Amino acid sequence: MAAMVLAATRLLRGSGSWGRSRPRFGDPAYRRFSSGGAYPNIPLSSPLPGVPKPVFATVDGQEKFETKVTTLDNGLRVASQNKFGQFCTVGILINSGSRYEAKYLSGIAHFLEKLAFSSTERFDSKDEILLTLEKHGGICDCQTSRDTTMYAVSADSKGLDTVVGLLADVVLHPRLTDEEIEMARMAVQFELEDLNMRPDPEPLLTEMVHEAAYRENTVGLHRFCPAENVGKMDRDVLHAYLRNYYTPDRMVLAGVGVEHAQLVECARKYLLGTCPAWGTGAAVHVDRSVAQYTGGIVKLERDMSNVSLGPTPFPELTHIMIGLESCSFLEGDFIPFAVLNMMMGGGGSFSAGGPGKGMFTRLYLNVLNRHHWMYNATSYHHSYEDTGLLCIHASADPRQVREMVEIVTREFVLMAGTVDVVELERAKTQLTSMLMMNLEARPVIFEDVGRQVLATRSRKLPHELCALIRDVKPEDIKRVASKMLRGKPAVAALGDLSELPAYEHVQAALASRDGRLPRVYRLFR
């Protein structure tokens, strides 16, 4: 104890070896600047010797927002968007998808998605492709939708030549070995099983409502491979499809964070004059059908009581999705429909958050906040180059399905009623902010550039879209909603459907002034 007191006394008085040592911090006027052990005398305000000069982003006009587009001799379009940063996102988008499978086995696009980035003419395996990308810090992905197939890579910009060469090989020279096709079968089979087992039925309902809206044509064809076709896929079937739809005039090579001239040079090197694995025969069976909206109903009776078991099991729910035809993304009414969809909003009954989470949208204020027994009410807008579909998905206890359907039809009818200026401005602000925040991400910019150039050969810039959103008036919302309500509904229903109203009653409710279902009188209850 005495020794501890003596040590403390020396420390406080500055005696002993501590007292004679040099102070750790001296007068600021006499301090030596230090920015690291290697350069102790260089102030932080001066550049370090031998270090490359930094490159900073500059603001020039519209911050160089303009998208540059070049068309090669074979019809392939090359589109690029300037974006500051070390990494780039480059990919090939193809006008191909499930809507073009009317003359083929349904599910080819789904299979091709699972076969993407497998062995090619230059790469013996998927591992070799991934190792090549790894040298440039790269990752790859393939996604298919009803009308577009997208192969994309994000990597260091210095590896652009390698990335474009790899993409060209993956798209045009896949080997499609028997082993890879068998692995794709297993992946597709697993995805189909997962689709039917997952607690969230939204992907399955979306598939069903498209099937009801566009009966056996274009975007109403199955996006997922039907189970009966999984065993029928082989190299000949895939090549027959690829020969007609993987042609240069249906492709866009898009890049974000790259120099346009360099991207065009790489495109000419790897995508011009090359012979694909399926030969160079002319495309003869290209489906140019325009989507035909039919309306209708698709029902799937299923026991949903054991979807999510455990200590806190998910309640048994019946899900319905009601949709009406809107418009294509090429039409002028596309923006008013997008604002209308944002104004409807919605979500789950247990969503957390404030106004920024859409808690002041109509489906929250008029539905979820008033009807505590409804578990979900969400608006969706699907838009394609020749049609569109505005849907509301709702879920509740099977005993209250009829009431739930009536609440949804009432909300559809109210779309054509009075539009409050405050709610409209809120929806426009929310849509604008969502658009701009999403476009901060490089992969999102890439997809936006590629899809727009693929559909229209040009790109509407963000500030142009924001101006169109600002110009939407209440009368625009009423006009597009009134036009939409004149069409037949598309209905998808999943679960216990014993209380589901007849399709004719849903159609009558949407055609009425108040959205109410016709009264049903029963002799025996």
# chains A, B, ... in the order shown; residues from 1 in each chain; ligands from 1
>>> residues_around(residues="Ala467 of chain A", least_positions_apart="4", cutoff="12 Å", atoms="only C-alpha atoms", output="VMD selection string")
chain A and resid 335 428 to 429 431 to 432 460 to 463 471 to 472
>>> residues_around(residues="Glu193 of chain A", least_positions_apart="3", cutoff="12 Å", atoms="only C-alpha atoms", output="PyMOL selection string")
chain A and resi 186-190+196-198+204+224-227
>>> write_last_selection(atoms="N, CA, C and O atoms", output="PDB file, in the first residue's frame")
ATOM      1  N   MET A 186     -32.688 -29.505 -61.657  1.00  0.00           N
ATOM      2  CA  MET A 186     -32.796 -29.589 -60.204  1.00  0.00           C
ATOM      3  C   MET A 186     -33.076 -28.211 -59.605  1.00  0.00           C
ATOM      4  O   MET A 186     -33.894 -28.075 -58.691  1.00  0.00           O
ATOM      5  N   ALA A 187     -32.398 -27.166 -60.123  1.00  0.00           N
ATOM      6  CA  ALA A 187     -32.596 -25.809 -59.614  1.00  0.00           C
ATOM      7  C   ALA A 187     -34.014 -25.322 -59.889  1.00  0.00           C
ATOM      8  O   ALA A 187     -34.659 -24.696 -59.032  1.00  0.00           O
ATOM      9  N   VAL A 188     -34.527 -25.594 -61.101  1.00  0.00           N
ATOM     10  CA  VAL A 188     -35.883 -25.181 -61.462  1.00  0.00           C
ATOM     11  C   VAL A 188     -36.902 -25.923 -60.605  1.00  0.00           C
ATOM     12  O   VAL A 188     -37.871 -25.327 -60.111  1.00  0.00           O
ATOM     13  N   GLN A 189     -36.685 -27.230 -60.414  1.00  0.00           N
ATOM     14  CA  GLN A 189     -37.599 -28.027 -59.606  1.00  0.00           C
ATOM     15  C   GLN A 189     -37.660 -27.514 -58.179  1.00  0.00           C
ATOM     16  O   GLN A 189     -38.736 -27.390 -57.580  1.00  0.00           O
ATOM     17  N   PHE A 190     -36.501 -27.180 -57.628  1.00  0.00           N
ATOM     18  CA  PHE A 190     -36.460 -26.641 -56.266  1.00  0.00           C
ATOM     19  C   PHE A 190     -37.198 -25.307 -56.190  1.00  0.00           C
ATOM     20  O   PHE A 190     -37.946 -25.054 -55.233  1.00  0.00           O
ATOM     21  N   ASN A 196     -44.388 -22.806 -54.151  1.00  0.00           N
ATOM     22  CA  ASN A 196     -45.654 -23.307 -53.614  1.00  0.00           C
ATOM     23  C   ASN A 196     -45.652 -23.449 -52.102  1.00  0.00           C
ATOM     24  O   ASN A 196     -46.707 -23.634 -51.497  1.00  0.00           O
ATOM     25  N   MET A 197     -44.470 -23.363 -51.470  1.00  0.00           N
ATOM     26  CA  MET A 197     -44.391 -23.571 -50.029  1.00  0.00           C
ATOM     27  C   MET A 197     -44.190 -22.282 -49.229  1.00  0.00           C
ATOM     28  O   MET A 197     -44.471 -22.246 -48.041  1.00  0.00           O
ATOM     29  N   ARG A 198     -43.719 -21.247 -49.868  1.00  0.00           N
ATOM     30  CA  ARG A 198     -43.355 -20.040 -49.118  1.00  0.00           C
ATOM     31  C   ARG A 198     -44.581 -19.351 -48.519  1.00  0.00           C
ATOM     32  O   ARG A 198     -45.655 -19.319 -49.143  1.00  0.00           O
ATOM     33  N   LEU A 204     -46.512 -16.047 -56.622  1.00  0.00           N
ATOM     34  CA  LEU A 204     -47.479 -16.975 -57.210  1.00  0.00           C
ATOM     35  C   LEU A 204     -48.751 -16.246 -57.633  1.00  0.00           C
ATOM     36  O   LEU A 204     -49.305 -16.504 -58.715  1.00  0.00           O
ATOM     37  N   PHE A 224     -42.632 -19.067 -64.918  1.00  0.00           N
ATOM     38  CA  PHE A 224     -41.904 -20.190 -64.342  1.00  0.00           C
ATOM     39  C   PHE A 224     -42.181 -21.443 -65.171  1.00  0.00           C
ATOM     40  O   PHE A 224     -43.298 -21.634 -65.662  1.00  0.00           O
ATOM     41  N   CYS A 225     -41.177 -22.275 -65.290  1.00  0.00           N
ATOM     42  CA  CYS A 225     -41.321 -23.489 -66.087  1.00  0.00           C
ATOM     43  C   CYS A 225     -42.362 -24.419 -65.461  1.00  0.00           C
ATOM     44  O   CYS A 225     -42.242 -24.774 -64.283  1.00  0.00           O
ATOM     45  N   PRO A 226     -43.406 -24.823 -66.188  1.00  0.00           N
ATOM     46  CA  PRO A 226     -44.374 -25.780 -65.636  1.00  0.00           C
ATOM     47  C   PRO A 226     -43.677 -27.098 -65.284  1.00  0.00           C
ATOM     48  O   PRO A 226     -42.736 -27.514 -65.963  1.00  0.00           O
ATOM     49  N   ALA A 227     -44.157 -27.751 -64.240  1.00  0.00           N
ATOM     50  CA  ALA A 227     -43.509 -28.980 -63.765  1.00  0.00           C
ATOM     51  C   ALA A 227     -43.438 -30.049 -64.849  1.00  0.00           C
ATOM     52  O   ALA A 227     -42.455 -30.799 -64.941  1.00  0.00           O
TER      53      ALA A 227
END
>>> residues_around(residues="Val230 of chain A", least_positions_apart="6", cutoff="10 Å", atoms="only C-alpha atoms", output="ChimeraX atom specification")
/A:105-108,111,182,184-186,188-189
>>> write_last_selection(atoms="all heavy atoms", output="CSV table (one decimal), in the first residue's frame")
chain,number,residue,atom,x,y,z
A,105,LEU,N,-41.7,-24.8,-75.9
A,105,LEU,CA,-42.0,-25.4,-74.6
A,105,LEU,C,-42.0,-24.2,-73.6
A,105,LEU,O,-41.0,-23.5,-73.5
A,105,LEU,CB,-40.9,-26.4,-74.2
A,105,LEU,CG,-41.1,-27.9,-74.6
A,105,LEU,CD1,-40.0,-28.7,-74.1
A,105,LEU,CD2,-42.4,-28.4,-74.1
A,106,SER,N,-43.0,-24.1,-72.8
A,106,SER,CA,-43.1,-23.0,-71.8
A,106,SER,C,-42.0,-23.3,-70.8
A,106,SER,O,-41.9,-24.4,-70.3
A,106,SER,CB,-44.5,-23.0,-71.2
A,106,SER,OG,-44.6,-22.0,-70.3
A,107,GLY,N,-41.3,-22.3,-70.4
A,107,GLY,CA,-40.3,-22.4,-69.4
A,107,GLY,C,-38.8,-22.3,-69.8
A,107,GLY,O,-37.9,-22.4,-69.1
A,108,ILE,N,-38.6,-22.0,-71.1
A,108,ILE,CA,-37.3,-22.0,-71.7
A,108,ILE,C,-36.5,-20.8,-71.0
A,108,ILE,O,-35.3,-21.0,-70.6
A,108,ILE,CB,-37.3,-21.8,-73.2
A,108,ILE,CG1,-37.8,-23.1,-73.9
A,108,ILE,CG2,-35.9,-21.4,-73.8
A,108,ILE,CD1,-37.9,-23.0,-75.4
A,111,PHE,N,-35.3,-21.7,-67.7
A,111,PHE,CA,-34.1,-22.6,-67.8
A,111,PHE,C,-32.8,-21.8,-68.1
A,111,PHE,O,-31.8,-22.1,-67.5
A,111,PHE,CB,-34.4,-23.7,-68.8
A,111,PHE,CG,-34.6,-25.0,-68.2
A,111,PHE,CD1,-35.8,-25.4,-67.6
A,111,PHE,CD2,-33.6,-26.0,-68.1
A,111,PHE,CE1,-36.0,-26.6,-67.1
A,111,PHE,CE2,-33.8,-27.2,-67.6
A,111,PHE,CZ,-35.0,-27.6,-67.0
A,182,GLU,N,-29.0,-30.9,-66.5
A,182,GLU,CA,-29.5,-31.7,-65.4
A,182,GLU,C,-29.5,-30.9,-64.1
A,182,GLU,O,-30.4,-30.9,-63.3
A,182,GLU,CB,-28.7,-33.0,-65.2
A,182,GLU,CG,-29.3,-34.0,-64.2
A,182,GLU,CD,-30.8,-34.3,-64.6
A,182,GLU,OE1,-31.1,-34.5,-65.8
A,182,GLU,OE2,-31.6,-34.5,-63.6
A,184,ALA,N,-29.6,-27.6,-64.0
A,184,ALA,CA,-30.6,-26.6,-64.1
A,184,ALA,C,-32.0,-27.2,-63.8
A,184,ALA,O,-32.9,-26.5,-63.2
A,184,ALA,CB,-30.6,-26.0,-65.5
A,185,ARG,N,-32.2,-28.4,-64.2
A,185,ARG,CA,-33.5,-29.1,-63.9
A,185,ARG,C,-33.7,-29.1,-62.4
A,185,ARG,O,-34.8,-28.9,-61.9
A,185,ARG,CB,-33.5,-30.5,-64.4
A,185,ARG,CG,-33.8,-30.6,-65.9
A,185,ARG,CD,-34.2,-32.0,-66.3
A,185,ARG,NE,-34.3,-32.1,-67.8
A,185,ARG,CZ,-33.4,-32.6,-68.5
A,185,ARG,NH1,-32.3,-33.1,-68.0
A,185,ARG,NH2,-33.5,-32.7,-69.8
A,186,MET,N,-32.7,-29.5,-61.7
A,186,MET,CA,-32.8,-29.6,-60.2
A,186,MET,C,-33.1,-28.2,-59.6
A,186,MET,O,-33.9,-28.1,-58.7
A,186,MET,CB,-31.5,-30.2,-59.6
A,186,MET,CG,-31.3,-31.6,-60.0
A,186,MET,SD,-29.6,-32.2,-59.5
A,186,MET,CE,-29.7,-32.0,-57.8
A,188,VAL,N,-34.5,-25.6,-61.1
A,188,VAL,CA,-35.9,-25.2,-61.5
A,188,VAL,C,-36.9,-25.9,-60.6
A,188,VAL,O,-37.9,-25.3,-60.1
A,188,VAL,CB,-36.1,-25.4,-63.0
A,188,VAL,CG1,-37.6,-25.3,-63.3
A,188,VAL,CG2,-35.3,-24.5,-63.8
A,189,GLN,N,-36.7,-27.2,-60.4
A,189,GLN,CA,-37.6,-28.0,-59.6
A,189,GLN,C,-37.7,-27.5,-58.2
A,189,GLN,O,-38.7,-27.4,-57.6
A,189,GLN,CB,-37.2,-29.5,-59.6
A,189,GLN,CG,-38.2,-30.5,-59.0
A,189,GLN,CD,-39.4,-30.5,-59.9
A,189,GLN,OE1,-39.4,-30.7,-61.1
A,189,GLN,NE2,-40.6,-30.4,-59.2
>>> residues_around(residues="Arg486 of chain A", least_positions_apart="4", cutoff="12 Å", atoms="only C-alpha atoms", output="list of chain:residue names")
A:Gly295, A:Leu324, A:Glu325, A:Ser326, A:Phe412, A:Val413, A:Ala416, A:Arg479, A:Val480, A:Ala481, A:Ser482, A:Gln507, A:Ala508, A:Ala509, A:Leu510, A:Ala511, A:Ser512
>>> write_last_selection(atoms="N, CA, C and O atoms", output="short mmCIF file (atom, residue, chain, number, x, y, z; two decimals), in the first residue's frame")
data_model
loop_
_atom_site.label_atom_id
_atom_site.label_comp_id
_atom_site.auth_asym_id
_atom_site.auth_seq_id
_atom_site.Cartn_x
_atom_site.Cartn_y
_atom_site.Cartn_z
N GLY A 295 -59.04 -10.43 -69.36
CA GLY A 295 -59.72 -10.49 -68.07
C GLY A 295 -60.15 -11.91 -67.76
O GLY A 295 -60.13 -12.79 -68.63
N LEU A 324 -56.75 -4.52 -63.09
CA LEU A 324 -57.40 -3.94 -64.26
C LEU A 324 -56.32 -3.45 -65.22
O LEU A 324 -55.22 -3.07 -64.80
N GLU A 325 -56.63 -3.46 -66.51
CA GLU A 325 -55.63 -3.05 -67.50
C GLU A 325 -55.34 -1.56 -67.38
O GLU A 325 -56.26 -0.73 -67.31
N SER A 326 -54.05 -1.20 -67.36
CA SER A 326 -53.65 0.21 -67.30
C SER A 326 -53.12 0.64 -68.66
O SER A 326 -53.91 0.82 -69.59
N PHE A 412 -61.06 0.56 -55.67
CA PHE A 412 -60.89 0.76 -57.12
C PHE A 412 -61.85 1.83 -57.63
O PHE A 412 -61.46 2.72 -58.40
N VAL A 413 -63.11 1.76 -57.21
CA VAL A 413 -64.10 2.74 -57.68
C VAL A 413 -63.76 4.14 -57.18
O VAL A 413 -63.93 5.13 -57.91
N ALA A 416 -61.51 6.80 -59.15
CA ALA A 416 -62.06 7.73 -60.15
C ALA A 416 -62.85 8.86 -59.51
O ALA A 416 -63.46 9.67 -60.21
N ARG A 479 -59.07 10.72 -64.85
CA ARG A 479 -59.24 10.28 -66.25
C ARG A 479 -58.72 8.86 -66.45
O ARG A 479 -59.43 8.01 -67.02
N VAL A 480 -57.49 8.59 -65.99
CA VAL A 480 -56.92 7.26 -66.22
C VAL A 480 -57.66 6.20 -65.39
O VAL A 480 -57.85 5.06 -65.85
N ALA A 481 -58.11 6.57 -64.20
CA ALA A 481 -58.84 5.61 -63.36
C ALA A 481 -60.20 5.28 -63.97
O ALA A 481 -60.62 4.12 -63.98
N SER A 482 -60.89 6.30 -64.49
CA SER A 482 -62.20 6.07 -65.12
C SER A 482 -62.07 5.18 -66.35
O SER A 482 -62.89 4.27 -66.57
N GLN A 507 -67.16 -8.13 -61.08
CA GLN A 507 -67.26 -7.25 -62.25
C GLN A 507 -68.38 -6.23 -62.08
O GLN A 507 -68.22 -5.05 -62.40
N ALA A 508 -69.51 -6.66 -61.53
CA ALA A 508 -70.63 -5.75 -61.29
C ALA A 508 -70.27 -4.70 -60.24
O ALA A 508 -70.65 -3.52 -60.37
N ALA A 509 -69.53 -5.10 -59.21
CA ALA A 509 -69.13 -4.15 -58.16
C ALA A 509 -68.23 -3.06 -58.72
O ALA A 509 -68.37 -1.87 -58.39
N LEU A 510 -67.30 -3.43 -59.60
CA LEU A 510 -66.39 -2.45 -60.19
C LEU A 510 -67.10 -1.52 -61.16
O LEU A 510 -66.66 -0.39 -61.40
N ALA A 511 -68.22 -1.97 -61.71
CA ALA A 511 -68.99 -1.14 -62.64
C ALA A 511 -70.02 -0.27 -61.91
O ALA A 511 -70.63 0.62 -62.52
N SER A 512 -70.21 -0.50 -60.59
CA SER A 512 -71.20 0.27 -59.84
C SER A 512 -70.62 1.59 -59.35
O SER A 512 -69.42 1.85 -59.49
#
>>> atom_distance(atom1="atom CA of Val153 of chain A", atom2="atom CA of Gly85 of chain A")
15.4 Å
>>> residues_around(residues="Arg215 of chain A", least_positions_apart="3", cutoff="9 Å", atoms="only C-alpha atoms", output="compact mmCIF listing (two decimals) with N, CA and C atoms, in the first residue's frame")
# COMPACT_ATOMS: atom_id res chain seq x y z
N HIS A 210 -51.63 -12.53 -63.95
CA HIS A 210 -51.24 -12.34 -65.36
C HIS A 210 -51.90 -13.40 -66.24
N GLU A 211 -51.96 -14.61 -65.73
CA GLU A 211 -52.61 -15.69 -66.48
C GLU A 211 -54.09 -15.38 -66.69
N ALA A 212 -54.73 -14.78 -65.69
CA ALA A 212 -56.15 -14.42 -65.81
C ALA A 212 -56.34 -13.24 -66.74
N THR A 218 -48.94 -13.87 -74.81
CA THR A 218 -47.86 -12.93 -74.44
C THR A 218 -47.54 -12.94 -72.93
N VAL A 219 -47.80 -11.84 -72.24
CA VAL A 219 -47.39 -11.74 -70.83
C VAL A 219 -48.24 -12.62 -69.91
N GLY A 220 -49.25 -13.29 -70.45
CA GLY A 220 -50.03 -14.21 -69.65
C GLY A 220 -49.47 -15.63 -69.66
N LEU A 221 -48.42 -15.87 -70.48
CA LEU A 221 -47.80 -17.19 -70.50
C LEU A 221 -46.97 -17.38 -69.22
N GLN A 292 -53.01 -9.21 -75.72
CA GLN A 292 -54.47 -9.11 -75.79
C GLN A 292 -55.04 -9.30 -74.39
N TYR A 293 -55.56 -8.20 -73.82
CA TYR A 293 -56.14 -8.28 -72.48
C TYR A 293 -57.50 -8.95 -72.55
N THR A 294 -57.69 -10.00 -71.75
CA THR A 294 -58.94 -10.75 -71.78
C THR A 294 -59.74 -10.62 -70.48
N GLY A 295 -59.04 -10.43 -69.36
CA GLY A 295 -59.72 -10.49 -68.07
C GLY A 295 -60.15 -11.91 -67.76
N GLY A 296 -60.53 -12.16 -66.53
CA GLY A 296 -60.96 -13.49 -66.14
C GLY A 296 -60.53 -13.80 -64.72
>>> atom_distance(atom1="atom CA of Pro474 of chain A", atom2="atom CA of Asp420 of chain A")
7.6 Å
>>> select_by_dssp(residues="segment 295-456 of chain A", states="alpha helix (DSSP H)", output="MDAnalysis selection string")
chainID A and resid 334:344 362 401:414 421:438 442:456
>>> residues_around(residues="segment 300-314 of chain A", least_positions_apart="5", cutoff="10 Å", atoms="only C-alpha atoms", output="PyMOL selection string")
chain A and resi 196-200+205+208+319+398+492-498
>>> write_last_selection(atoms="all heavy atoms", output="CSV table (one decimal), in the first residue's frame")
chain,number,residue,atom,x,y,z
A,196,ASN,N,-44.4,-22.8,-54.2
A,196,ASN,CA,-45.7,-23.3,-53.6
A,196,ASN,C,-45.7,-23.4,-52.1
A,196,ASN,O,-46.7,-23.6,-51.5
A,196,ASN,CB,-46.0,-24.7,-54.3
A,196,ASN,CG,-46.3,-24.5,-55.7
A,196,ASN,OD1,-47.1,-23.7,-56.1
A,196,ASN,ND2,-45.8,-25.4,-56.6
A,197,MET,N,-44.5,-23.4,-51.5
A,197,MET,CA,-44.4,-23.6,-50.0
A,197,MET,C,-44.2,-22.3,-49.2
A,197,MET,O,-44.5,-22.2,-48.0
A,197,MET,CB,-43.2,-24.5,-49.7
A,197,MET,CG,-43.4,-26.0,-50.2
A,197,MET,SD,-41.9,-26.9,-50.0
A,197,MET,CE,-41.6,-26.8,-48.3
A,198,ARG,N,-43.7,-21.2,-49.9
A,198,ARG,CA,-43.4,-20.0,-49.1
A,198,ARG,C,-44.6,-19.4,-48.5
A,198,ARG,O,-45.7,-19.3,-49.1
A,198,ARG,CB,-42.6,-19.1,-50.0
A,198,ARG,CG,-43.4,-18.6,-51.2
A,198,ARG,CD,-42.6,-17.4,-51.9
A,198,ARG,NE,-41.3,-17.9,-52.4
A,198,ARG,CZ,-40.4,-17.0,-52.9
A,198,ARG,NH1,-40.7,-15.8,-53.1
A,198,ARG,NH2,-39.2,-17.5,-53.4
A,199,PRO,N,-44.4,-18.8,-47.3
A,199,PRO,CA,-45.6,-18.1,-46.7
A,199,PRO,C,-46.0,-16.9,-47.5
A,199,PRO,O,-47.2,-16.5,-47.4
A,199,PRO,CB,-45.0,-17.7,-45.3
A,199,PRO,CG,-43.8,-18.5,-45.1
A,199,PRO,CD,-43.3,-18.8,-46.4
A,200,ASP,N,-45.1,-16.2,-48.1
A,200,ASP,CA,-45.5,-15.0,-48.9
A,200,ASP,C,-45.9,-15.5,-50.3
A,200,ASP,O,-45.1,-15.9,-51.1
A,200,ASP,CB,-44.3,-14.0,-49.0
A,200,ASP,CG,-44.6,-12.9,-49.9
A,200,ASP,OD1,-45.8,-12.5,-50.1
A,200,ASP,OD2,-43.7,-12.3,-50.5
A,205,LEU,N,-49.2,-15.3,-56.8
A,205,LEU,CA,-50.4,-14.5,-57.2
A,205,LEU,C,-50.2,-13.7,-58.4
A,205,LEU,O,-51.1,-13.5,-59.2
A,205,LEU,CB,-50.9,-13.7,-56.0
A,205,LEU,CG,-51.7,-14.3,-54.9
A,205,LEU,CD1,-51.8,-13.4,-53.7
A,205,LEU,CD2,-53.1,-14.7,-55.4
A,208,MET,N,-50.5,-15.8,-61.3
A,208,MET,CA,-51.9,-16.2,-61.6
A,208,MET,C,-52.7,-15.0,-62.1
A,208,MET,O,-53.5,-15.2,-63.0
A,208,MET,CB,-52.5,-16.6,-60.2
A,208,MET,CG,-52.0,-18.0,-59.7
A,208,MET,SD,-52.5,-18.3,-58.0
A,208,MET,CE,-54.3,-18.4,-58.2
A,319,HIS,N,-55.9,-15.3,-49.9
A,319,HIS,CA,-55.3,-14.2,-50.7
A,319,HIS,C,-56.0,-14.0,-52.0
A,319,HIS,O,-56.3,-14.9,-52.7
A,319,HIS,CB,-53.8,-14.5,-51.0
A,319,HIS,CG,-53.0,-14.8,-49.8
A,319,HIS,ND1,-52.3,-13.8,-49.1
A,319,HIS,CD2,-52.7,-16.0,-49.1
A,319,HIS,CE1,-51.6,-14.4,-48.1
A,319,HIS,NE2,-51.9,-15.7,-48.1
A,398,PRO,N,-60.2,-16.6,-44.0
A,398,PRO,CA,-61.1,-17.2,-45.0
A,398,PRO,C,-62.6,-16.8,-44.8
A,398,PRO,O,-63.4,-16.7,-45.8
A,398,PRO,CB,-60.9,-18.7,-44.9
A,398,PRO,CG,-59.5,-18.8,-44.4
A,398,PRO,CD,-59.3,-17.7,-43.5
A,492,ALA,N,-57.2,-13.2,-59.2
A,492,ALA,CA,-56.5,-14.4,-58.8
A,492,ALA,C,-56.8,-14.6,-57.3
A,492,ALA,O,-56.8,-13.7,-56.5
A,492,ALA,CB,-55.0,-14.2,-58.9
A,493,ALA,N,-57.1,-15.9,-57.0
A,493,ALA,CA,-57.5,-16.2,-55.6
A,493,ALA,C,-56.8,-17.5,-55.2
A,493,ALA,O,-56.7,-18.5,-55.9
A,493,ALA,CB,-59.0,-16.4,-55.5
A,494,LEU,N,-56.3,-17.5,-53.9
A,494,LEU,CA,-55.5,-18.6,-53.4
A,494,LEU,C,-55.9,-18.9,-52.0
A,494,LEU,O,-56.0,-17.9,-51.1
A,494,LEU,CB,-54.0,-18.2,-53.5
A,494,LEU,CG,-53.0,-19.1,-52.8
A,494,LEU,CD1,-52.9,-20.5,-53.6
A,494,LEU,CD2,-51.6,-18.5,-52.8
A,495,GLY,N,-56.1,-20.1,-51.6
A,495,GLY,CA,-56.5,-20.5,-50.2
A,495,GLY,C,-57.8,-21.1,-50.2
A,495,GLY,O,-58.3,-21.8,-51.1
A,496,ASP,N,-58.5,-20.9,-49.0
A,496,ASP,CA,-59.9,-21.4,-48.8
A,496,ASP,C,-60.8,-20.4,-49.5
A,496,ASP,O,-61.0,-19.3,-49.0
A,496,ASP,CB,-60.1,-21.5,-47.3
A,496,ASP,CG,-61.6,-22.0,-47.0
A,496,ASP,OD1,-62.4,-22.1,-47.9
A,496,ASP,OD2,-61.8,-22.2,-45.8
A,497,LEU,N,-61.4,-20.9,-50.6
A,497,LEU,CA,-62.2,-19.9,-51.4
A,497,LEU,C,-63.7,-20.2,-51.3
A,497,LEU,O,-64.5,-19.8,-52.2
A,497,LEU,CB,-61.8,-20.1,-52.9
A,497,LEU,CG,-60.3,-20.0,-53.1
A,497,LEU,CD1,-60.0,-20.2,-54.6
A,497,LEU,CD2,-59.8,-18.6,-52.7
A,498,SER,N,-64.2,-20.8,-50.2
A,498,SER,CA,-65.6,-21.1,-50.0
A,498,SER,C,-66.4,-19.8,-49.9
A,498,SER,O,-67.6,-19.8,-50.3
A,498,SER,CB,-65.8,-21.9,-48.7
A,498,SER,OG,-65.2,-21.2,-47.6
>>> residues_around(residues="Asp147 of chain A", least_positions_apart="4", cutoff="10 Å", atoms="only C-alpha atoms", output="list in words")
Ile94, Asn95, Ser96, Gly97, Ser98, Arg99, Tyr100, Ala109, Thr218, Val219, Arg223, Tyr384 and Glu385 of chain A
>>> select_by_dssp(residues="segment 98-148 of chain A", states="strand (DSSP E or B)", output="list in words")
Thr120, Ile139, Cys140, Asp141, Cys142, Gln143 and Thr144 of chain A
>>> closest_residue(among="A:Val237, A:Ile407, A:Leu465, A:Lys68", to="Leu439 of chain A", atoms="only C-alpha atoms")
A:Leu465
>>> closest_residue(among="A:Ser395, A:Thr409, A:Thr71, A:Asn41", to="Thr378 of chain A", atoms="only C-alpha atoms")
A:Ser395
>>> atom_distance(atom1="atom CA of Thr361 of chain A", atom2="atom CA of Ile320 of chain A")
19.9 Å
>>> closest_residue(among="A:His381, A:Lys299, A:Arg175, A:Lys158", to="Leu115 of chain A", atoms="only C-alpha atoms")
A:Arg175
>>> closest_residue(among="A:Ser80, A:Asp236, A:Pro203, A:Arg370", to="Ala261 of chain A", atoms="only C-alpha atoms")
A:Ser80
>>> closest_residue(among="A:Leu160, A:Leu112, A:Leu263, A:Val256", to="Arg235 of chain A", atoms="only C-alpha atoms")
A:Leu112
